[in-house]
Amino acid sequence: MPYDQPAAGTPGTETVYPDADTDLLHGGRSRSEDTPIAREAEAALAALSRSGTELPKPAHTRTFVVANQKGGVGKTTTTVNIAAALAQCGANVLVVDLDPQGNASTALNVDHHAEVPSIYDVLIERYTMEEIVQPVADIEGLYCAPATIDLAGAEIELVSMVARESRLQRALAVYHSSMDYILIDCPPSLGLLTVNAMVAGAEVLIPIQCEYYALEGLGQLLRNIELVRAHLNPELHVSTILLTMYDARTRLASQVADEVRTHFPEQVLHTAVPRSVRISEAPSYMQTVMTYDPASTGALAYREAAREIAERWAAREGAAGIPAQSDADRANTGINAEVGR
């Protein structure tokens, strides 16, 4: 069966999926006695059997900044699919499209032509967040603050404005009591829009493509995160790194994955997202892969990544009664070491 085709069940029968180590899914730990295809199939069956089950909800709103100044590493794809997976498992999720290209708005089938009130209007204080946020039709509990082409001029306009770095933070405050997760999709740059996102968020989610070039710009991104943390937002920390476009057939992908896991053992998710035709096709139908083909390997990987994000946090919140937010310094240990390299 091709990897990206949904599994076909037999009518009138109930399929029972075996328990399996889902860390094996696309780039996780391996067992020498199994073949790669067998490991992926076992992990996919286990992941599919748990789809639709509710995840633990955080005690307070978690705001993720999905950032990487390199283009084409899967920032928007990761944002919309993680958001969709969390919403399908019972969470209330807001996606903030802060990229002038508006690709996240397209993938969520949210209207974002030039006349639609957008996040640009919020940044210049023409509208409030409540006035621009739209529900996503296909997924209950998922909402989107769309971006229009007007956002392309925001970098210049914000330069002369008062409190230019914290405008998004103030605008999002109204949703801190009603949303479980807020995911901010950043543009592929380190300008004022990305700085606004980093001031508004507490956690940084970095998608890293499993190729050499994706590692080159990581140091600069980490230095910028440290600057924002030192001067504007002391709560900011890199909590999650997700390997994307993983191709198990190439040695390079394994080498990149091993190197990232070596330098950031606390932050890298066990699950890596494979290269998948279904993931690429979904936006052309104005859908996430979670609704376009829920049984594809791409959907399974994003569902498992969302599960890891939720369950890791729940485990940290429950450990000795210590709030997870106070653990930001520990989460930055590997990051600070890498910045100093």
# chains A, B, ... in the order shown; residues from 1 in each chain; ligands from 1
>>> residues_around(residues="A:Asp150", least_positions_apart="5", cutoff="10 Å", atoms="only C-alpha atoms", output="list of chain:residue names")
A:Pro100, A:Gln101, A:His113, A:Ala114, A:Glu115, A:Ser118, A:Ile119, A:Tyr120, A:Asp121
>>> residues_around(residues="stretch 160-167 of chain A", least_positions_apart="3", cutoff="9 Å", atoms="only C-alpha atoms", output="VMD selection string")
chain A and resid 122 to 125 156 to 157 170 to 172 192 to 193 195 to 200 232
>>> select_by_dssp(residues="stretch 69-249 of chain A", states="strand (DSSP E)", output="ChimeraX atom specification")
/A:93-97,134-135,142-145,181-185,203-209,237-244
>>> select_by_dssp(residues="stretch 245-294 of chain A", states="alpha helix (DSSP H)", output="ChimeraX atom specification")
/A:251-263,277-281,289-292
>>> atom_distance(atom1="atom CA of A:Ala272", atom2="atom CA of A:Thr244")
5.9 Å
>>> closest_residue(among="A:Thr106, A:Gln209, A:Thr148, A:Asn233", to="A:Tyr246", atoms="only C-alpha atoms")
A:Gln209
>>> residues_around(residues="stretch 173-189 of chain A", least_positions_apart="3", cutoff="7 Å", atoms="only C-alpha atoms", output="number ranges by chain")
A: 57-58, 60-71, 75-76, 79, 91-99, 169-170, 194, 197
>>> atom_distance(atom1="atom CA of A:Ala295", atom2="atom CA of A:Ala282")
13.0 Å
>>> atom_distance(atom1="atom CA of A:Ala85", atom2="atom CA of A:Pro283")
15.6 Å
>>> closest_residue(among="A:Val136, A:Leu221, A:Ile82, A:Leu168", to="A:Leu300", atoms="only C-alpha atoms")
A:Ile82
>>> closest_residue(among="A:Phe264, A:Ala145, A:Asn224, A:Val204", to="A:Gly191", atoms="only C-alpha atoms")
A:Asn224
